[in-house]
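Visitor: Sharing a structure, written as structure tokens. Questions coming.
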Amino acid sequence: MATQNTKTLARLMMAPAVIVLLVWMVVPLAMTLWYSFQNYNLLTPQNVSFAGFFNYIYFYTDPAFFQSIWNTLVLVLGVLLITVVGGIAIALLIDQPIFGQGIVRILVISPFFVMPPVAALIWKNMIMHPGYGVLADLARFLGFQPIDWFAQFPLFSIIIIVAWQWLPFATLILLTALQSLDSEQKEAAEMDGANAFNRFIYLTLPHLSRAITVVILIQTIFLLGIYAEILVTTNGGPGYASTNLTFLIYRTARLGYDVGGGAAGGIIAVVLANFVAIFLMRAVGRNLDR
């Protein structure tokens with residue numbers, strides 16, 4: 001009886017916070033859904049009318065729609081590949097006993113605390129600038145012509161910037177998992193004659209599978225909404241070469257003043273994001289149950 005009363009009291013205490021959170025989530029989504037069926041342009045806000053499915057058809061038939069879907073997939077998969085592979089490599093490296101190990105680990109995870117617009121500005125003006133960037137100076141030093149990264153390789157450049165930001169997160173998660181590996185298992189594998197490569201493939205990598213799953217799931221959720229890096233560096237160009245779905249919604253709603261079309265794009269993005277989340281949970285989420 002006391003246990004039941006405690007549970008009831010706990011639920012009552014949590015109820016206000018849950019209700020506020022629910023309202024905070026549902027109201028904007030409901031308004032977005034409502035605006036997606038309205039003909040609402042910020043240039044003529046007084047002329048609001050019911051548009052039916054016109055906004056969805058308009059957004060779907062936009063020449064940039066399928067290009068933005070492709071760019072979104074390439075961006076997410078590219079960043080995941082770099083962060084997972086690089087995170088494993090760096091985690092293995094900094095897990096070794098070295099002088100100043102604590103300072104090294106702090107430096108490794110520090111890029112994660114840099115705000116996306118700031119990181120994009122640093123890469124755009126100090127590293128990848130074709131005139132006075134670090135990479136341009138290095139290319140001239142080696143006798144090569146500097147590369148205009150954001151004009152020649154816009155999407156790849158954004159992948160590099162975003163991966164630089166998310167690599168510390170992957171490294172931290174994988175390092176934590178790596179340190180939980182039983183040292184007795186390592187010693188047993190060494191005594192059985194397994195070399196470093198075999199220990200990594202058959203011992204370390206399976207042990208990291210759960211952490212890798214967590215990294216993929218969490219990063220994918222955030223990577224589907226990448227926006228600031230594109231706005232600061234390429235503005236979605238040249239053309240639509242670096243426009244992902246999130247930036248296409250921004251371009252429609254903010255630059256085109258079409259709130260209805262942008263809202264329809266937002267609903268489409270929510271649906272696609274849920275499909276991706278369900279696929280990931282079924283494909284790799286099984287590792288979380290092991």
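Ligands are numbered from 1 in the order shown, residues from 1 within each chain, and chains are lettered A, B, ... in the order they appear in the structure tokens.
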Using only C-alpha atoms, tabulate the residues of range 22-119 of chain A lying at most 6 Å from any atom of range 165-180 of chain A, each with its closest atom pair and that distance in Å to one decimal, by chain and increasing residue number, as JSON lines.

Guide:
{"residue": "A:Thr83", "atom": "CA", "partner": "A:Leu167", "partner_atom": "CA", "distance": 4.7}
{"residue": "A:Gly87", "atom": "CA", "partner": "A:Thr171", "partner_atom": "CA", "distance": 4.2}
{"residue": "A:Ala91", "atom": "CA", "partner": "A:Leu175", "partner_atom": "CA", "distance": 4.8}
{"residue": "A:Ile109", "atom": "CA", "partner": "A:Pro168", "partner_atom": "CA", "distance": 4.4}
{"residue": "A:Pro111", "atom": "CA", "partner": "A:Gln165", "partner_atom": "CA", "distance": 5.5}
{"residue": "A:Phe112", "atom": "CA", "partner": "A:Gln165", "partner_atom": "CA", "distance": 5.1}

Visitor: Please extract the residues of range 92-188 of chain A with a backbone DSSP assignment of helix (DSSP H, G or I) and present them as a VMD selection string.

Guide: chain A and resid 92 to 94 101 to 113 116 to 127 134 to 141 149 to 152 154 to 179 183 to 188

Visitor: Which polymer residues have any atom within 12 Å of an atom of Tyr240 in chain A, counting only C-alpha atoms, with same-chain residues fewer than 3 positions away left out, as a PDB file with C-alpha atoms, in the first residue's frame?

Guide:
ATOM      1  CA  ASP A  62      10.499  21.789 -56.348  1.00  0.00           C
ATOM      2  CA  PRO A  63      13.532  21.081 -58.586  1.00  0.00           C
ATOM      3  CA  ALA A  64      15.740  21.047 -55.500  1.00  0.00           C
ATOM      4  CA  PHE A  65      13.645  18.548 -53.512  1.00  0.00           C
ATOM      5  CA  PHE A  66      15.248  15.271 -54.592  1.00  0.00           C
ATOM      6  CA  GLN A  67      18.676  16.933 -54.721  1.00  0.00           C
ATOM      7  CA  SER A  68      18.202  18.023 -51.110  1.00  0.00           C
ATOM      8  CA  ILE A  69      17.161  14.491 -50.085  1.00  0.00           C
ATOM      9  CA  TRP A  70      20.286  13.076 -51.715  1.00  0.00           C
ATOM     10  CA  ASN A  71      22.505  15.731 -50.131  1.00  0.00           C
ATOM     11  CA  THR A  72      20.971  15.006 -46.718  1.00  0.00           C
ATOM     12  CA  ALA A 151      33.040  26.311 -54.763  1.00  0.00           C
ATOM     13  CA  PRO A 154      30.842  22.341 -51.266  1.00  0.00           C
ATOM     14  CA  LEU A 155      29.123  19.288 -49.785  1.00  0.00           C
ATOM     15  CA  ILE A 230      25.475  25.500 -44.643  1.00  0.00           C
ATOM     16  CA  THR A 234      27.892  27.960 -48.938  1.00  0.00           C
ATOM     17  CA  ASN A 235      24.336  29.245 -48.450  1.00  0.00           C
ATOM     18  CA  GLY A 236      23.194  26.029 -50.105  1.00  0.00           C
ATOM     19  CA  GLY A 237      25.189  26.561 -53.281  1.00  0.00           C
ATOM     20  CA  THR A 243      21.330  22.239 -50.022  1.00  0.00           C
ATOM     21  CA  ASN A 244      19.947  19.635 -47.636  1.00  0.00           C
ATOM     22  CA  LEU A 245      16.281  19.226 -46.725  1.00  0.00           C
ATOM     23  CA  PHE A 247      18.107  24.315 -45.653  1.00  0.00           C
ATOM     24  CA  LEU A 248      15.548  23.900 -48.454  1.00  0.00           C
ATOM     25  CA  ARG A 251      15.035  28.821 -48.237  1.00  0.00           C
TER      26      ARG A 251
END

Visitor: Which of range 1-221 of chain A counts as strand (DSSP E) under DSSP, as a count of residues only please?

Guide: 4

Visitor: Using only C-alpha atoms, find each residue of range 208-285 of chain A with at least one atom at most 9 Å away from an atom of range 121-131 of chain A; report its shortest atom-to-atom pair and that distance in Å (one decimal), sort the rows by chain and rising residue number, and return the result as JSON lines.

Guide:
{"residue": "A:Glu229", "atom": "CA", "partner": "A:Leu121", "partner_atom": "CA", "distance": 8.4}
{"residue": "A:Val232", "atom": "CA", "partner": "A:Leu121", "partner_atom": "CA", "distance": 6.7}
{"residue": "A:Thr233", "atom": "CA", "partner": "A:Lys124", "partner_atom": "CA", "distance": 6.2}

Visitor: Write a file of the selected residues as a PDB file, in the first residue's frame, keeping all heavy atoms.

Guide:
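Output file selection_13.pdb is given in full below:
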ATOM      1  N   GLU A 229      25.893  25.440 -40.464  1.00  0.00           N
ATOM      2  CA  GLU A 229      27.140  25.307 -41.223  1.00  0.00           C
ATOM      3  C   GLU A 229      26.931  25.631 -42.698  1.00  0.00           C
ATOM      4  O   GLU A 229      27.789  26.232 -43.349  1.00  0.00           O
ATOM      5  CB  GLU A 229      27.713  23.896 -41.074  1.00  0.00           C
ATOM      6  CG  GLU A 229      28.158  23.545 -39.662  1.00  0.00           C
ATOM      7  CD  GLU A 229      27.024  23.029 -38.793  1.00  0.00           C
ATOM      8  OE1 GLU A 229      25.849  23.195 -39.195  1.00  0.00           O
ATOM      9  OE2 GLU A 229      27.316  22.459 -37.722  1.00  0.00           O
ATOM     10  N   VAL A 232      26.308  29.554 -43.156  1.00  0.00           N
ATOM     11  CA  VAL A 232      27.506  30.382 -42.972  1.00  0.00           C
ATOM     12  C   VAL A 232      28.498  30.208 -44.113  1.00  0.00           C
ATOM     13  O   VAL A 232      29.162  31.166 -44.515  1.00  0.00           O
ATOM     14  CB  VAL A 232      28.170  30.044 -41.618  1.00  0.00           C
ATOM     15  CG1 VAL A 232      29.528  30.727 -41.491  1.00  0.00           C
ATOM     16  CG2 VAL A 232      27.269  30.459 -40.473  1.00  0.00           C
ATOM     17  N   THR A 233      28.598  29.006 -44.666  1.00  0.00           N
ATOM     18  CA  THR A 233      29.658  28.715 -45.643  1.00  0.00           C
ATOM     19  C   THR A 233      29.208  28.836 -47.094  1.00  0.00           C
ATOM     20  O   THR A 233      29.724  29.651 -47.849  1.00  0.00           O
ATOM     21  CB  THR A 233      30.218  27.307 -45.397  1.00  0.00           C
ATOM     22  OG1 THR A 233      29.142  26.347 -45.434  1.00  0.00           O
ATOM     23  CG2 THR A 233      30.909  27.224 -44.044  1.00  0.00           C
TER      24      THR A 233
END

Visitor: State, in Å with one decimal place, the distance from CA of Pro146 in chain A to CA of Ile159 in chain A.

Guide: 19.4 Å

Visitor: Would you please work out which residue, of A:Met31, A:Leu75, A:Ala273, A:Val108, is nearest to Leu93 in chain A when using only C-alpha atoms?

Guide: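 Selected residue with least distance to Leu93 in chain A: A:Val108.
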
Visitor: Show me, as a VMD selection string, the residues that have an atom within 6 Å of Ser36 in chain A when counting only C-alpha atoms, minus same-chain residues fewer than 3 positions from it.

Guide: chain A and resid 33 260 263 to 264

Visitor: Just the selected residues (C-alpha atoms), exported as a CSV table (one decimal), in the first residue's frame, please.

Guide:
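Here's the written file part26.csv:
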chain,number,residue,atom,x,y,z
A,33,LEU,CA,0.6,21.1,-39.7
A,260,GLY,CA,2.8,27.5,-46.1
A,263,ALA,CA,5.5,24.3,-43.1
A,264,ALA,CA,4.7,21.6,-45.7
